[in-house]
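File shown: structure_23.txt (compact mmCIF, C-alpha atoms).
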```txt
# COMPACT_ATOMS: atom_id res chain seq x y z
CA MET A 1 0.00 0.00 0.00
CA SER A 2 1.43 3.38 -0.97
CA LYS A 3 2.09 6.16 1.49
CA SER A 4 -0.79 8.20 0.05
CA SER A 5 -3.14 5.24 0.48
CA ASN A 6 -2.06 4.87 4.09
CA GLN A 7 -2.70 8.56 4.62
CA LYS A 8 -6.39 7.94 3.84
CA LEU A 9 -6.47 5.48 6.74
CA LYS A 10 -5.00 7.94 9.20
CA LEU A 11 -8.13 8.08 11.39
CA TYR A 12 -8.32 4.28 11.53
CA TYR A 13 -4.68 3.89 12.56
CA LEU A 14 -5.00 6.64 15.16
CA ALA A 15 -7.93 4.79 16.75
CA ARG A 16 -5.99 1.51 16.57
CA ILE A 17 -2.93 3.03 18.25
CA LEU A 18 -5.01 4.48 21.07
CA ALA A 19 -6.89 1.18 21.57
CA GLU A 20 -3.79 -1.02 21.59
CA GLU A 21 -1.21 1.22 23.21
CA THR A 22 -3.22 3.00 25.91
CA ASP A 23 -5.47 2.24 28.85
CA ALA A 24 -6.28 3.74 32.24
CA ASP A 25 -2.63 3.42 33.32
CA HIS A 26 -0.85 4.12 30.02
CA ALA A 27 -1.16 7.21 27.81
CA LEU A 28 0.72 8.69 24.83
CA THR A 29 2.09 12.15 24.23
CA MET A 30 1.44 13.94 20.94
CA ASN A 31 5.04 13.27 19.80
CA GLU A 32 4.63 9.55 20.53
CA ILE A 33 1.39 9.40 18.54
CA ILE A 34 3.02 11.15 15.56
CA GLU A 35 5.97 8.75 15.74
CA MET A 36 3.70 5.67 15.82
CA LEU A 37 1.66 6.93 12.89
CA GLY A 38 4.94 7.25 11.03
CA THR A 39 5.54 3.49 11.41
CA TYR A 40 2.40 3.00 9.26
CA GLY A 41 3.73 5.41 6.62
CA ILE A 42 1.47 8.24 7.76
CA SER A 43 2.77 11.76 8.20
CA ALA A 44 1.01 14.06 10.65
CA ASP A 45 1.41 17.33 12.50
CA ARG A 46 -0.05 18.43 15.82
CA LYS A 47 -2.92 20.43 14.35
CA SER A 48 -4.13 17.55 12.17
CA ILE A 49 -3.99 15.18 15.19
CA TYR A 50 -6.12 17.59 17.22
CA ASP A 51 -8.70 17.55 14.41
CA ASP A 52 -8.55 13.75 14.17
CA VAL A 53 -9.03 13.31 17.91
CA GLU A 54 -12.12 15.48 17.73
CA ALA A 55 -13.38 13.46 14.74
CA LEU A 56 -12.98 10.23 16.73
CA ARG A 57 -15.00 11.72 19.58
CA VAL A 58 -17.77 12.70 17.15
CA LEU A 59 -17.78 9.10 15.87
CA GLY A 60 -18.23 7.79 19.43
CA PHE A 61 -14.63 6.74 20.14
CA GLU A 62 -13.86 8.25 23.53
CA VAL A 63 -10.44 9.90 23.81
CA VAL A 64 -9.24 11.10 27.19
CA GLY A 65 -6.80 13.98 27.24
CA GLN A 66 -5.05 15.09 30.41
CA ARG A 67 -1.97 16.95 31.58
CA ASP A 68 0.88 14.80 32.89
CA GLY A 69 3.55 17.07 34.31
CA LYS A 70 4.73 19.29 31.47
CA SER A 71 3.22 17.03 28.81
CA TYR A 72 -0.34 16.52 27.62
CA THR A 73 -1.25 12.89 27.03
CA TYR A 74 -4.02 10.97 25.28
CA SER A 75 -5.60 7.57 25.95
CA ALA A 76 -8.65 5.57 24.91
CA GLY A 77 -11.54 5.74 27.34
CA GLY A 78 -14.92 4.09 27.61
CA LYS A 79 -13.80 0.68 26.36
CA VAL A 80 -16.37 -2.05 25.72
CA PHE A 81 -15.01 -4.18 28.60
CA GLU A 82 -13.17 -3.26 31.76
CA LEU A 83 -10.05 -5.33 32.48
CA ALA A 84 -11.76 -7.08 35.42
CA GLU A 85 -14.65 -8.06 33.13
CA LEU A 86 -12.26 -9.48 30.53
CA LYS A 87 -10.45 -11.49 33.20
CA LEU A 88 -13.76 -12.91 34.38
CA LEU A 89 -14.73 -13.93 30.83
CA VAL A 90 -11.33 -15.54 30.20
CA ASP A 91 -11.59 -17.51 33.45
CA ALA A 92 -15.08 -18.72 32.52
CA ILE A 93 -13.95 -19.83 29.05
CA THR A 94 -10.83 -21.56 30.36
CA SER A 95 -12.65 -23.49 33.08
CA SER A 96 -15.69 -24.43 30.96
CA LYS A 97 -15.78 -28.14 30.18
CA PHE A 98 -17.91 -27.97 27.05
CA ILE A 99 -15.61 -25.48 25.23
CA THR A 100 -12.80 -27.26 23.41
CA GLU A 101 -9.14 -26.27 23.85
CA LYS A 102 -9.07 -24.94 20.29
CA LYS A 103 -12.22 -22.87 20.68
CA SER A 104 -11.07 -21.61 24.10
CA GLY A 105 -7.91 -20.24 22.50
CA GLU A 106 -9.85 -18.61 19.66
CA LEU A 107 -12.33 -16.93 22.01
CA ILE A 108 -9.60 -15.64 24.33
CA ARG A 109 -7.64 -14.21 21.39
CA LYS A 110 -10.78 -12.37 20.27
CA LEU A 111 -11.31 -11.01 23.77
CA THR A 112 -7.76 -9.63 23.89
CA GLY A 113 -8.77 -7.42 20.97
CA PHE A 114 -10.84 -5.40 23.45
CA ALA A 115 -7.76 -4.72 25.60
CA SER A 116 -4.59 -2.69 25.30
CA LYS A 117 -1.33 -4.62 24.86
CA TYR A 118 -0.61 -4.05 28.56
CA GLU A 119 -3.99 -5.43 29.60
CA ALA A 120 -3.75 -8.30 27.10
CA SER A 121 -0.65 -9.62 28.87
CA GLN A 122 -2.75 -10.03 32.03
CA LEU A 123 -5.32 -12.14 30.19
CA ASN A 124 -2.88 -15.02 29.76
CA ARG A 125 -4.29 -16.63 32.86
CA GLN A 126 -3.91 -20.24 33.97
CA VAL A 127 -7.17 -21.31 35.60
CA VAL A 128 -6.74 -24.77 37.12
CA VAL A 129 -9.87 -26.84 37.61
CA GLN A 130 -9.22 -30.20 39.24
CA GLY A 131 -10.07 -33.16 37.03
CA ARG A 132 -11.45 -30.99 34.24
CA VAL A 133 -11.83 -32.77 30.89
CA LYS A 134 -12.32 -30.42 27.97
CA ALA A 135 -14.71 -31.35 25.16
CA ARG A 136 -13.10 -32.68 21.97
CA SER A 137 -15.89 -31.91 19.52
CA GLU A 138 -17.13 -28.50 18.44
CA THR A 139 -20.54 -29.89 17.45
CA ILE A 140 -22.05 -28.28 20.53
CA TYR A 141 -21.63 -24.78 19.06
CA TYR A 142 -23.69 -25.68 16.00
CA ASN A 143 -26.28 -27.40 18.22
CA VAL A 144 -26.64 -24.27 20.34
CA ASP A 145 -27.00 -22.09 17.26
CA GLU A 146 -29.68 -24.37 15.79
CA ILE A 147 -31.55 -24.54 19.11
CA HIS A 148 -31.58 -20.76 19.48
CA ALA A 149 -32.82 -20.42 15.91
CA ALA A 150 -35.62 -22.94 16.54
CA ILE A 151 -36.68 -21.11 19.71
CA SER A 152 -36.60 -17.74 17.95
CA GLU A 153 -38.64 -19.06 15.00
CA ASN A 154 -41.08 -21.00 17.24
CA ARG A 155 -40.27 -24.28 15.50
CA GLN A 156 -39.87 -27.88 16.61
CA LEU A 157 -36.50 -29.61 16.68
CA SER A 158 -35.23 -33.06 15.75
CA PHE A 159 -31.93 -34.65 16.74
CA GLU A 160 -30.13 -37.87 17.50
CA TYR A 161 -29.50 -38.33 21.21
CA LEU A 162 -26.31 -40.21 22.03
CA LYS A 163 -24.88 -42.40 24.78
CA TRP A 164 -21.49 -43.97 25.46
CA ASP A 165 -20.95 -47.63 24.62
CA ALA A 166 -18.34 -50.12 25.85
CA ASP A 167 -15.99 -49.10 23.02
CA LYS A 168 -16.00 -45.51 24.29
CA GLN A 169 -18.00 -44.37 21.30
CA LEU A 170 -21.06 -42.13 21.29
CA VAL A 171 -23.92 -44.02 19.63
CA PRO A 172 -27.64 -43.19 19.18
CA ARG A 173 -29.90 -44.17 22.06
CA ARG A 174 -32.55 -45.32 19.59
CA ASP A 175 -32.96 -45.86 15.86
CA ARG A 176 -35.23 -42.85 15.25
CA PRO A 177 -34.61 -39.16 15.99
CA TYR A 178 -36.10 -37.31 18.93
CA VAL A 179 -38.68 -34.66 18.00
CA VAL A 180 -39.35 -32.02 20.67
CA SER A 181 -40.42 -28.41 21.16
CA PRO A 182 -37.40 -26.43 22.44
CA TRP A 183 -38.10 -23.76 25.07
CA ALA A 184 -34.84 -22.91 26.84
CA LEU A 185 -31.15 -23.64 27.33
CA THR A 186 -29.78 -23.95 30.84
CA TRP A 187 -26.45 -24.60 32.53
CA SER A 188 -26.33 -27.19 35.31
CA GLU A 189 -23.63 -29.31 36.94
CA ASP A 190 -21.06 -28.02 34.42
CA ASN A 191 -23.14 -29.12 31.42
CA TYR A 192 -25.37 -27.37 28.87
CA TYR A 193 -28.95 -28.66 28.63
CA LEU A 194 -31.87 -28.14 26.30
CA ILE A 195 -35.22 -27.87 28.11
CA ALA A 196 -37.96 -29.01 25.74
CA TYR A 197 -41.53 -30.27 25.65
CA ASP A 198 -41.74 -33.97 24.82
CA PRO A 199 -45.11 -34.84 23.18
CA VAL A 200 -44.70 -38.54 24.01
CA SER A 201 -44.57 -38.04 27.79
CA GLY A 202 -46.59 -34.84 27.70
CA GLY A 203 -44.10 -32.97 29.89
CA MET A 204 -40.85 -31.04 29.97
CA ARG A 205 -37.63 -33.02 29.47
CA HIS A 206 -33.95 -32.10 29.36
CA TYR A 207 -31.18 -33.19 27.00
CA ARG A 208 -27.41 -32.64 27.22
CA VAL A 209 -26.47 -30.48 24.26
CA ASP A 210 -23.05 -32.09 23.82
CA LYS A 211 -24.76 -35.47 23.32
CA MET A 212 -27.03 -34.22 20.55
CA ARG A 213 -26.21 -34.79 16.89
CA LYS A 214 -27.81 -33.96 13.53
CA THR A 215 -29.82 -31.17 15.17
CA LYS A 216 -32.35 -29.75 12.71
CA ARG A 217 -35.25 -27.30 12.80
CA LEU A 218 -38.61 -28.67 11.66
CA PRO A 219 -41.56 -26.83 10.06
CA GLY A 220 -43.96 -27.72 12.92
CA ARG A 221 -44.83 -25.06 15.50
CA ARG A 222 -43.74 -25.61 19.11
CA GLU A 223 -46.03 -27.26 21.64
CA GLY A 224 -46.18 -27.16 25.44
CA ARG A 225 -46.17 -23.38 25.89
CA GLU A 226 -48.47 -23.43 28.93
CA ILE A 227 -46.55 -26.27 30.59
CA PHE A 228 -43.30 -24.35 30.13
CA ARG A 229 -44.82 -21.14 31.54
CA GLU A 230 -45.89 -23.02 34.66
CA GLN A 231 -42.36 -24.39 35.10
CA SER A 232 -39.77 -22.44 37.11
CA LEU A 233 -36.55 -23.07 35.19
CA ALA A 234 -34.32 -22.43 38.21
CA LYS A 235 -36.44 -24.73 40.37
CA TYR A 236 -36.49 -27.38 37.65
CA THR A 237 -32.70 -27.34 37.40
CA ASN A 238 -32.10 -27.37 41.16
CA GLU A 239 -34.42 -30.32 41.72
CA ARG A 240 -32.63 -32.55 39.21
CA PHE A 241 -29.27 -33.65 40.55
CA GLY A 242 -26.90 -34.09 37.62
CA MET A 243 -30.03 -33.48 35.50
CA LEU A 244 -30.83 -37.20 35.78
CA GLY A 245 -34.34 -38.65 35.86
CA GLY A 246 -36.33 -39.43 38.96
CA THR A 247 -39.78 -39.12 40.49
CA GLU A 248 -40.51 -35.66 41.86
CA LYS A 249 -41.32 -35.66 45.57
CA LYS A 250 -41.33 -33.26 48.47
CA VAL A 251 -38.58 -34.54 50.74
CA THR A 252 -37.97 -33.62 54.38
CA ILE A 253 -34.31 -33.37 55.35
CA ARG A 254 -32.76 -32.72 58.75
CA CYS A 255 -29.26 -31.27 58.98
CA ARG A 256 -26.87 -29.73 61.48
CA GLU A 257 -27.14 -25.96 61.62
CA ASP A 258 -23.59 -25.47 60.35
CA LEU A 259 -24.49 -27.31 57.12
CA ILE A 260 -27.52 -25.22 56.13
CA GLY A 261 -25.44 -23.23 53.65
CA ILE A 262 -25.09 -26.32 51.45
CA PHE A 263 -28.87 -26.54 51.08
CA LEU A 264 -29.37 -22.80 50.59
CA ASP A 265 -26.73 -22.81 47.85
CA ARG A 266 -28.45 -25.72 46.15
CA PHE A 267 -32.15 -24.87 46.52
CA GLY A 268 -32.17 -21.12 47.21
CA LYS A 269 -33.02 -18.99 50.24
CA GLU A 270 -36.77 -19.39 49.74
CA ILE A 271 -36.90 -22.96 51.11
CA PRO A 272 -38.69 -23.34 54.50
CA VAL A 273 -36.28 -23.91 57.40
CA THR A 274 -37.39 -24.99 60.88
CA ARG A 275 -35.27 -25.32 64.02
CA VAL A 276 -35.36 -28.75 65.68
CA LYS A 277 -33.32 -30.53 68.34
CA GLY A 278 -31.19 -33.46 67.27
CA ALA A 279 -31.79 -36.51 69.42
CA ALA A 280 -29.57 -39.54 69.89
CA GLY A 281 -30.64 -42.24 67.47
CA GLU A 282 -32.52 -39.74 65.29
CA GLY A 283 -29.67 -38.29 63.27
CA GLY A 284 -27.88 -36.21 65.88
CA THR A 285 -26.30 -35.93 69.26
CA GLU A 286 -28.54 -35.01 72.20
CA GLY A 287 -28.90 -31.22 72.46
CA GLU A 288 -27.33 -30.33 69.10
CA ASN A 289 -28.94 -27.55 67.09
CA TRP A 290 -30.44 -29.05 63.95
CA LEU A 291 -32.58 -27.64 61.18
CA GLU A 292 -35.30 -29.23 59.09
CA ILE A 293 -36.07 -28.30 55.49
CA ARG A 294 -38.65 -29.44 52.94
CA VAL A 295 -37.71 -29.36 49.28
CA ASP A 296 -39.01 -30.71 45.98
CA VAL A 297 -36.47 -33.02 44.34
CA ALA A 298 -36.36 -35.61 41.60
CA VAL A 299 -35.46 -38.62 43.75
CA SER A 300 -32.63 -40.51 42.03
CA GLY A 301 -29.36 -42.25 42.76
CA GLN A 302 -27.60 -38.96 42.11
CA PHE A 303 -29.69 -37.28 44.82
CA PHE A 304 -28.89 -40.06 47.31
CA GLY A 305 -25.20 -39.77 46.41
CA TRP A 306 -25.29 -36.03 47.08
CA ILE A 307 -26.88 -36.61 50.50
CA PHE A 308 -24.35 -39.33 51.33
CA GLY A 309 -21.47 -37.02 50.39
CA ILE A 310 -22.51 -34.46 53.01
CA GLY A 311 -21.80 -37.01 55.74
CA ASP A 312 -23.44 -37.85 59.06
CA GLY A 313 -24.64 -34.29 59.57
CA VAL A 314 -27.69 -34.88 57.40
CA GLN A 315 -30.66 -37.25 57.52
CA ILE A 316 -33.63 -37.84 55.21
CA THR A 317 -36.71 -38.06 57.45
CA GLY A 318 -39.56 -38.25 54.96
CA PRO A 319 -41.52 -39.40 53.14
CA GLU A 320 -41.25 -42.96 54.41
CA ASP A 321 -40.77 -44.60 50.99
CA VAL A 322 -37.80 -42.30 50.22
CA VAL A 323 -36.25 -43.06 53.63
CA GLU A 324 -36.67 -46.79 53.02
CA THR A 325 -35.21 -46.59 49.52
CA TYR A 326 -32.17 -44.68 50.78
CA ALA A 327 -31.65 -47.13 53.66
CA LYS A 328 -31.88 -50.03 51.22
CA ARG A 329 -29.28 -48.40 48.93
CA LEU A 330 -26.93 -47.97 51.91
CA ARG A 331 -27.33 -51.63 52.92
CA GLU A 332 -26.68 -52.79 49.36
CA MET A 333 -23.55 -50.67 49.14
CA ALA A 334 -22.33 -52.00 52.48
CA GLU A 335 -22.76 -55.59 51.22
CA ILE A 336 -20.49 -54.89 48.26
CA TYR A 337 -17.61 -54.00 50.56
CA ARG A 338 -18.05 -56.76 53.14
```
Encoding of this model in structure tokens:
Amino acid sequence: MSKSSNQKLKLYYLARILAEETDADHALTMNEIIEMLGTYGISADRKSIYDDVEALRVLGFEVVGQRDGKSYTYSAGGKVFELAELKLLVDAITSSKFITEKKSGELIRKLTGFASKYEASQLNRQVVVQGRVKARSETIYYNVDEIHAAISENRQLSFEYLKWDADKQLVPRRDRPYVVSPWALTWSEDNYYLIAYDPVSGGMRHYRVDKMRKTKRLPGRREGREIFREQSLAKYTNERFGMLGGTEKKVTIRCREDLIGIFLDRFGKEIPVTRVKGAAGEGGTEGENWLEIRVDVAVSGQFFGWIFGIGDGVQITGPEDVVETYAKRLREMAEIYR
């Protein structure tokens, strides 16, 4: 590109220099700006830079000018993202299981474009998540795009739903595609789920997006609108441990007072909590302060595993069939290790 052609791009390069070379802690003097423009084959004088800075402001690019000792400096202001926000987004991308290593790198590189070169160096963060296995396939991104399109267009969706086999291959669960009415996407237990109306069961069901394949919009209009409106998405997600199946029941749980935070984090602060006294032989030591809660859960092996993991500071007290099922599971597990 000739020098005269570069000159036509003077405003663009000025904005680029300010975006990449300045931030809240780094600014450029007029001489430094003129020198950097020169590296792009652009000649400039002070008066023309003053006019260009004003033109950038008119176009919505905020330029901050301030006196620094004997010099007057310029920097980009009003950036799309603050540095703390960019760090948060980078951490979320790095620690997310469903985003592949390749896609993580691409997204982070794009995010650094919103930062100065000084800020960009701070975005090379190593977020360690114990035991994290990153996804290997990028199919999920196309699934998400197709799902959003189906929801936006009020259309039904078809897909193959997969499961792992003994050869460590994902294979279809059945020989015909699933056909559902998609209503929402939700994030639970480190996985992405589609919440959809299933006409076969007549209720809402959930499907892991990374185990969907050949996702395709259908001409048919969505069904189950009223059922979805009656469903609290947050409540639906919290009730389903690991988003596995199970019969919904209102379960009474007793726990030590120091463990109540676990239940509030899981089910929310709206759950009813009652103070009770732990009694020997009834899940606590005589005189201990215990609390009792009642929550709606989809009773499953995953739910029992979650309760077991809390330890002896928690006890399921009702309904009777859930207590008996849990006790039976514990006895069966004990037999395995005898």
Can you work out the spacing between CA of Glu292 (chain A) and CA of Gln315 (chain A) in Å, to one decimal?
9.4 Å
CA of Gly105 (chain A) to CA of Ala120 (chain A) measures 13.5 Å
Might you pull out every residue within 8 Å of region 159-169 of chain A, with only C-alpha atoms counted and same-chain residues fewer than 4 positions away left off, and present them as a PDB file with C-alpha atoms, in the coordinates of the input?
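Final file, around_36.pdb:
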```
ATOM      1  CA  ARG A 173     -29.900 -44.170  22.060  1.00  0.00           C
ATOM      2  CA  ARG A 174     -32.550 -45.320  19.590  1.00  0.00           C
ATOM      3  CA  ARG A 176     -35.230 -42.850  15.250  1.00  0.00           C
ATOM      4  CA  PRO A 177     -34.610 -39.160  15.990  1.00  0.00           C
ATOM      5  CA  TYR A 178     -36.100 -37.310  18.930  1.00  0.00           C
ATOM      6  CA  VAL A 179     -38.680 -34.660  18.000  1.00  0.00           C
ATOM      7  CA  TYR A 207     -31.180 -33.190  27.000  1.00  0.00           C
ATOM      8  CA  LYS A 211     -24.760 -35.470  23.320  1.00  0.00           C
ATOM      9  CA  MET A 212     -27.030 -34.220  20.550  1.00  0.00           C
ATOM     10  CA  ARG A 213     -26.210 -34.790  16.890  1.00  0.00           C
ATOM     11  CA  LYS A 214     -27.810 -33.960  13.530  1.00  0.00           C
ATOM     12  CA  THR A 215     -29.820 -31.170  15.170  1.00  0.00           C
ATOM     13  CA  LYS A 216     -32.350 -29.750  12.710  1.00  0.00           C
TER      14      LYS A 216
END
```
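Using all atoms listed in the file, the nearest neighbour of Glu54 (chain A) within the list A:Ala298, A:Met36, A:Val200, A:Ala15 is A:Ala15.
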Enter the distance from CA of Leu123 (chain A) to CA of Gly60 (chain A), in Å, rounded to one decimal.
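About the pair CA of Leu123 (chain A) and CA of Gly60 (chain A): they are 26.1 Å apart.
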If I put a ball of radius 12 Å at (-10.9, 16.0, 28.0) in the file's coordinates, which residues poke into it when counting only C-alpha atoms, written as an mmCIF file with C-alpha atoms, keeping the file's coordinate frame?
```
data_model
loop_
_atom_site.group_PDB
_atom_site.id
_atom_site.type_symbol
_atom_site.label_atom_id
_atom_site.label_comp_id
_atom_site.auth_asym_id
_atom_site.auth_seq_id
_atom_site.Cartn_x
_atom_site.Cartn_y
_atom_site.Cartn_z
ATOM 1 C CA TYR A 50 -6.120 17.590 17.220
ATOM 2 C CA VAL A 53 -9.030 13.310 17.910
ATOM 3 C CA GLU A 54 -12.120 15.480 17.730
ATOM 4 C CA ARG A 57 -15.000 11.720 19.580
ATOM 5 C CA GLU A 62 -13.860 8.250 23.530
ATOM 6 C CA VAL A 63 -10.440 9.900 23.810
ATOM 7 C CA VAL A 64 -9.240 11.100 27.190
ATOM 8 C CA GLY A 65 -6.800 13.980 27.240
ATOM 9 C CA GLN A 66 -5.050 15.090 30.410
ATOM 10 C CA ARG A 67 -1.970 16.950 31.580
ATOM 11 C CA TYR A 72 -0.340 16.520 27.620
ATOM 12 C CA THR A 73 -1.250 12.890 27.030
ATOM 13 C CA TYR A 74 -4.020 10.970 25.280
ATOM 14 C CA SER A 75 -5.600 7.570 25.950
ATOM 15 C CA ALA A 76 -8.650 5.570 24.910
ATOM 16 C CA GLY A 77 -11.540 5.740 27.340
#
```
Near Asp321 (chain A), counting all atoms listed in the file, which residues have an atom at most 12 Å away, once you skip same-chain residues fewer than 5 positions from it, shown as a PyMOL selection string?
chain A and resi 247+249-252+299+316+326-328
Those same residues, written as a compact mmCIF listing (two decimals), in the coordinates of the input with C-alpha atoms?
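Okay, this is what ended up in again03.txt:
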```txt
# COMPACT_ATOMS: atom_id res chain seq x y z
CA THR A 247 -39.78 -39.12 40.49
CA LYS A 249 -41.32 -35.66 45.57
CA LYS A 250 -41.33 -33.26 48.47
CA VAL A 251 -38.58 -34.54 50.74
CA THR A 252 -37.97 -33.62 54.38
CA VAL A 299 -35.46 -38.62 43.75
CA ILE A 316 -33.63 -37.84 55.21
CA TYR A 326 -32.17 -44.68 50.78
CA ALA A 327 -31.65 -47.13 53.66
CA LYS A 328 -31.88 -50.03 51.22
```
